[in-house]
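Asks: Below is one structure. I have some questions about it.
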Amino acid sequence: MIPPDLAANPRLDRWVGFETPGVARVAVGKVEYGQGALTGLAQIAADELDVSMAQLRLVNPATGASPDEGLTVGSMTTEMSGAAVRAACAEVRSLFVAAVAERLACPAEALEIIEGAFLRDGEPTGLDYWALAGEVDLARAPGDDAAPKKPQDHRIVGREWPRLDLPPKLFGGAYIHDLDLPGMVHARVVRQPAPGAQLVEIDERAIRHAAGETAEILREKAFLALVCSSERAIDAAAEAAERTTHWEGAPDLDPDVSEPESLKVLPATEYPGGEAPAGPSNRRRIEAAYGRPYISHASIGPSCGIARFQDGRLDVWTHAQGVYPMQGMLARLTGLEPERISVTHVQAPGNYGHNGSDDAAVDAALIAVRRPGAPVRVRWRREDEFGFEPLGTAMWIELSAELDAGGRLADYTAHVWSGSHTGGRGAALDQTALELPPAPPMAPRPGAPRFSGAILNALPSYEIPAARFVEHAVTAPMRTSSLRGLGGPANTFASECFIDELAEAAGADPLTWRLDMTSDPRALGVMERLARMCDWIDRGPPGSGRGLGLAYCRYRGRGAYVAVAAAVTVETEARLDHLWCAADCGQVINPDGCRNQLEGGMIMGASWALKEQVKLGGRGVASTTFSDYPILRFSEIPPVEIDLVMAQDQPSLGAGEVSLGPAMAAIGNALAHALGARIRQTPFTREKIVHALLA
Amino acid sequence: MIRDVNLRINGQPRRIEVDDTASLLDVLRNRLDLKGARFGCGAGECGACAVLVDGAVETACQLEVGNLEDRAIITLEGIGSPERPHPLQQAFLDRQAGQCGYCLSGILISAKALLDRNPDPTRAEIAMALDRHLCRCGAHNRIMDAVSLAARRMREDATAGARLA
């Protein structure tokens, strides 16, 4: 079967080409966030084509130059793009092998390829990809007869490979923030404090005075933008504008809406799934409610976008999650034909999902089309990034379960209250702010399957006789969208802590109880490896102030198998002493890259669990600095050990999002073990710990 | 006030006509084309813009250039280059210490300051030296391992150098 991304972009020359002697061009539609995903794709391509990594040139993703693979999301790059690259390269290789076999009048089986050169029965033929590039037409769709190599024939896949994107980042400029285009001006949109807010008064004199130089002020209905010739001037002008501009129609938020339980009072649409509601039973019933507040992507660099409108063409540089979705969105927002818009990806600080990156590019593009000529750079301030990026939604999760007379889990129900985990792209600017509002985003086709991030891992990854969930979809008081793992991590935090509560109620060891609920050897494998790593067998009694907890989950029910354990010490604050992880991500492309992702996810999950909560209040987000929104620091980082299963005969499963939920739950369980009392809402702050100790 | 300000950056004297209240970060990035120091928060809270001033770690976003005349300023570009990487940069490559990498230039600056005064730091000492730097990707352990590796190599080189001498 042809992989979906290749079927959607069937022309082989969109993926592979040999235009430059000695260079194999490989283009993908996924972008690099610093996760090393593109290095993995290069490894797959090099292996399949039989070229060296040095011969391979991965094209920087841009409209026109790259196949359209949509957004880079969902831990899907290795799975989806990897499958497409592998199939495209296998097909290209087989076309060239056939051409060489015909030219040499020999059977294809007599040929092999080493570093792009063809050998016949082990002897050089003088032919290589580049010599034949003119003869083999790649402007064609793949057949379905070229079989990719078998895992045992991989030479580069499965080996440690240094990341291609890392070196420049250690020596100087490497990011979109560092691009200096000739004649570039610096601009900022003065954000509406709330959608629909009306601009009442601006003090142009104060803005110009603060800029200390010529400041252009673009005003159109509720769209207010400033343009200066330097970054320093735009910073000052934007600050003055924010201080002196008056808006109406921006009601203050009640700070209580910061708390996850507040979701329950919002109007909700219910979407049930799983098995029918259970009938009455006399089984033992246990209930608990868990919460995670709104969280921020908290990228270390605020978002940046650059746009230039010249001769009716709009060129945009962005670190958004996909160049074609950005092109489509800009066509809608500017009214330009998509063919008149080029979008180029440039690397940036990590996004971890849908942060402000789209919005900075939209800001730049909307200013550029109103001000043709010079490239327009918009770099958000830290306060803009915290204040106006889409948040990771709060979630409130009510769980109930029934244990049978033998203490086994017989029935499980999850009610999940959640804002949206997708959408709202480019919507930092309320589009009614413009004089001529653009067409709204396309609504999903009626009857199209509904995707909801809220229900990922709503049910724990075990064989439960009867299980069901109900999603209560609400509209959060703030724009929310995708953040690493969508609803998966919060659901796994809740369900895997609840599983510990159930095991305790059943009088069972939490690990044994889990092992008894699955027959999947890969699930058993990671849990058993984890137990050995963390010396589970020596786990002490609860309530000692030192805790050991674990959690397991199969991401989205069909992804990587991940088990995490945490050791904590608690006095009035929780300190992480150690984290362990055993993971089975199927075929591993780059083991070091995979471990890096797993560990990064664990640390981010730990940071969410221990520290993070967006505070809402005033006109929106009240926590707009790193002092208001602390994240885990070096002195708080525990040693991390990872045991990576090399299941090279299995399909690859993404690693970027899979360890956060198990890490949060393992820390929750370790904390409960240390305290002898359970805290069911993150972050596990000093106040919550003290409260739990006094309860 | 706009005036000529004399700076000493990476060993080179640089005279620029600039508002003397401009931040060092702005001058490095926008006037001197030194992009190693990075904007993260503008408030001295993230460490992405760290530089050395007379050997001490400072956040460049918080420094006015007018007060830096004749001080020795070292930026990321001053500690090594792709052709001649500092042992820290080499160790970060060897340990693949980083993900998005945005925090790394500031971290390399603080790590250099640490190794300049303590050639054999413990993990806890490394963590304390880097504690002002935020890393969102969770690459902390690799970063600390890389600093340790660089320290070991630098000590070995020093010993070998002493033996040769």
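Letters A, B, ... go to the chains of the structure tokens in the order shown; residues in each chain start at 1; ligands are counted from 1 in the same order.
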Write out as number ranges by chain all residues of chain B that DSSP puts in helix (DSSP H, G or I) for this structure's backbone.
Replies: B: 24-30, 60-62, 65-67, 76-79, 87-94, 104-117, 123-129, 140-164
Asks: With C-alpha atoms retained, could you export that selection as a tab-separated table (two decimals), in the first residue's frame?
Replies:
```
chain	number	residue	atom	x	y	z
B	24	LEU	CA	23.92	45.47	24.87
B	25	LEU	CA	21.71	42.73	23.39
B	26	ASP	CA	20.23	45.14	20.86
B	27	VAL	CA	23.67	46.45	19.91
B	28	LEU	CA	25.20	42.99	19.56
B	29	ARG	CA	22.38	41.66	17.42
B	30	ASN	CA	21.34	44.67	15.38
B	60	ALA	CA	22.82	41.39	27.82
B	61	CYS	CA	19.19	42.50	27.68
B	62	GLN	CA	19.63	44.23	31.04
B	65	VAL	CA	25.95	49.90	26.44
B	66	GLY	CA	26.96	53.32	27.73
B	67	ASN	CA	28.09	51.71	30.96
B	76	LEU	CA	29.16	33.05	22.06
B	77	GLU	CA	31.06	33.97	18.90
B	78	GLY	CA	34.09	34.78	21.05
B	79	ILE	CA	34.42	31.39	22.67
B	87	PRO	CA	35.93	22.21	24.14
B	88	LEU	CA	32.48	23.02	25.51
B	89	GLN	CA	31.02	23.39	22.02
B	90	GLN	CA	32.71	20.15	20.96
B	91	ALA	CA	31.36	18.35	24.01
B	92	PHE	CA	27.84	19.66	23.33
B	93	LEU	CA	28.10	18.24	19.80
B	94	ASP	CA	29.50	14.94	21.03
B	104	LEU	CA	22.40	26.89	24.46
B	105	SER	CA	24.35	30.03	23.69
B	106	GLY	CA	23.64	31.49	27.11
B	107	ILE	CA	24.31	28.15	28.74
B	108	LEU	CA	27.67	27.84	26.97
B	109	ILE	CA	28.60	31.27	28.33
B	110	SER	CA	27.76	30.31	31.91
B	111	ALA	CA	29.49	26.96	31.51
B	112	LYS	CA	32.63	28.71	30.31
B	113	ALA	CA	32.53	31.04	33.32
B	114	LEU	CA	32.16	28.01	35.59
B	115	LEU	CA	35.06	26.07	34.07
B	116	ASP	CA	37.24	29.17	34.12
B	117	ARG	CA	36.99	29.22	37.92
B	123	ARG	CA	26.94	17.80	38.94
B	124	ALA	CA	25.43	19.97	41.68
B	125	GLU	CA	27.92	22.75	40.99
B	126	ILE	CA	27.13	22.60	37.28
B	127	ALA	CA	23.40	22.72	38.02
B	128	MET	CA	23.87	25.77	40.26
B	129	ALA	CA	25.99	27.52	37.65
B	140	HIS	CA	19.28	19.54	31.04
B	141	ASN	CA	20.94	16.22	31.80
B	142	ARG	CA	22.70	16.08	28.45
B	143	ILE	CA	23.83	19.65	28.91
B	144	MET	CA	25.24	18.91	32.36
B	145	ASP	CA	26.94	15.77	31.03
B	146	ALA	CA	28.48	17.78	28.21
B	147	VAL	CA	29.85	20.40	30.61
B	148	SER	CA	31.34	17.59	32.66
B	149	LEU	CA	32.89	16.01	29.58
B	150	ALA	CA	34.39	19.33	28.47
B	151	ALA	CA	35.82	19.87	31.94
B	152	ARG	CA	37.44	16.44	31.90
B	153	ARG	CA	38.94	16.98	28.46
B	154	MET	CA	40.24	20.41	29.43
B	155	ARG	CA	41.84	18.98	32.57
B	156	GLU	CA	43.44	16.18	30.55
B	157	ASP	CA	44.73	18.68	27.99
B	158	ALA	CA	46.14	20.83	30.77
B	159	THR	CA	47.88	17.81	32.29
B	160	ALA	CA	49.25	16.75	28.91
B	161	GLY	CA	50.36	20.32	28.27
B	162	ALA	CA	52.13	20.44	31.62
B	163	ARG	CA	53.84	17.12	30.89
B	164	LEU	CA	55.05	18.39	27.52
```
Asks: Hey, list the chain A side of the contact with chain B: 8 Å cut-off, only C-alpha atoms, answer as a CSV table (one decimal) with C-alpha atoms, in the first residue's frame.
Replies:
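Saved file out29.csv follows:
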```
chain,number,residue,atom,x,y,z
A,33,TYR,CA,11.7,22.0,15.7
A,34,GLY,CA,14.9,20.7,17.1
A,35,GLN,CA,13.6,17.3,17.8
A,36,GLY,CA,15.9,15.7,15.2
A,162,PRO,CA,24.4,13.3,15.1
A,163,ARG,CA,21.6,15.8,14.5
A,166,LEU,CA,22.4,21.1,15.9
A,167,PRO,CA,25.9,22.5,14.9
A,168,PRO,CA,24.8,26.0,13.8
A,169,LYS,CA,22.9,26.5,17.0
A,170,LEU,CA,26.1,26.2,19.0
A,171,PHE,CA,28.0,28.9,17.3
A,172,GLY,CA,25.7,31.9,16.6
A,173,GLY,CA,22.7,32.8,14.4
A,178,ASP,CA,18.5,36.0,13.3
A,231,GLU,CA,13.9,46.6,16.9
A,232,ARG,CA,14.7,49.0,19.8
A,298,ALA,CA,6.5,28.6,27.2
A,299,SER,CA,8.9,28.5,24.3
A,300,ILE,CA,12.2,30.1,25.3
A,301,GLY,CA,12.1,32.5,22.4
A,302,PRO,CA,8.9,34.4,21.6
A,348,ALA,CA,13.2,28.6,15.8
A,349,PRO,CA,13.0,27.8,19.5
A,350,GLY,CA,10.8,24.8,20.2
A,381,ARG,CA,7.6,40.2,23.2
A,382,ARG,CA,7.7,37.7,26.0
A,596,ASN,CA,16.4,12.7,23.7
A,599,GLU,CA,13.8,12.4,28.3
A,600,GLY,CA,12.7,15.8,27.1
A,601,GLY,CA,9.0,14.7,27.4
A,602,MET,CA,9.6,13.4,30.9
A,603,ILE,CA,11.2,16.6,32.0
A,604,MET,CA,8.4,18.7,30.5
A,625,THR,CA,6.6,36.5,32.6
A,626,PHE,CA,8.8,33.5,33.6
A,627,SER,CA,8.5,34.7,37.2
A,631,ILE,CA,9.3,26.0,34.7
A,632,LEU,CA,11.6,23.3,36.1
A,633,ARG,CA,15.2,24.6,36.5
A,634,PHE,CA,18.6,22.9,36.3
A,635,SER,CA,18.9,22.5,40.1
A,637,ILE,CA,16.3,18.2,37.3
A,639,PRO,CA,19.0,12.0,36.8
A,640,VAL,CA,17.0,10.2,34.1
```
Asks: Which residues are close to A:Asp144, i.e. within 10 Å by only C-alpha atoms, leaving aside same-chain residues fewer than 5 positions away? Reply as an NGL selection string.
Replies: :A and (1-2 or 87 or 91)
Asks: Write out as a list in words which residues come within 9 Å of A:Val16 when counting only C-alpha atoms, dropping same-chain ones fewer than 2 positions away.
Replies: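 What passes the distance filter is Leu12, Asp13, Arg14, Phe18, Ala24, Arg25, Val26, Ala27, Val85, Ala88, Cys89, Val92 and Leu138 of chain A.
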Asks: Counting only C-alpha atoms, which residue out of A:Ala225, A:Leu598, A:Leu104, A:Leu409 sits closest to A:Asp516?
Replies: A:Leu409
Asks: Compile the contact shell of A:Ala609 as an MDAnalysis selection string: residues with an atom at most 7 Å away, counting only C-alpha atoms, same-chain residues fewer than 4 positions apart removed.
Replies: chainID A and resid 605 664 682:684
Asks: I want to know what sits within 8 Å of A:Ala467, based on only C-alpha atoms, with residues of the same chain fewer than 6 positions away left out; could you give that as a VMD selection string?
Replies: chain A and resid 274 to 275 411 to 413 459
Asks: Based on the selection just made, write C-alpha atoms of those residues as a JSON list (two decimals), in the first residue's frame.
Replies:
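Result file out-v5.json:
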```json
[["chain", "number", "residue", "atom", "x", "y", "z"],
["A", 274, "GLY", "CA", -16.84, 3.13, 24.26],
["A", 275, "GLU", "CA", -19.30, 0.66, 25.64],
["A", 411, "ASP", "CA", -15.97, -1.55, 34.74],
["A", 412, "TYR", "CA", -14.45, 1.88, 34.03],
["A", 413, "THR", "CA", -15.95, 5.26, 33.14],
["A", 459, "LEU", "CA", -9.27, 5.12, 28.95]]
```
Asks: Give me, as a PyMOL selection string, the residues of stretch 162-384 of chain A that a backbone DSSP run labels strand (DSSP E).
Replies: chain A and resi 185-190+198-201+216-220+223-228+246-248+268-274+284-292+304-310+313-318+341-345+376-379
Asks: Give me the residues near A:His578 as a PyMOL selection string, where near means some atom within 6 Å (using only C-alpha atoms) and where sequence neighbours in that chain fewer than 6 positions away do not count.
Replies: chain A and resi 566-567+638-639
Asks: How far is it from atom CA of A:Val621 to atom CA of A:Tyr294, in Å with one decimal?
Replies: 10.1 Å
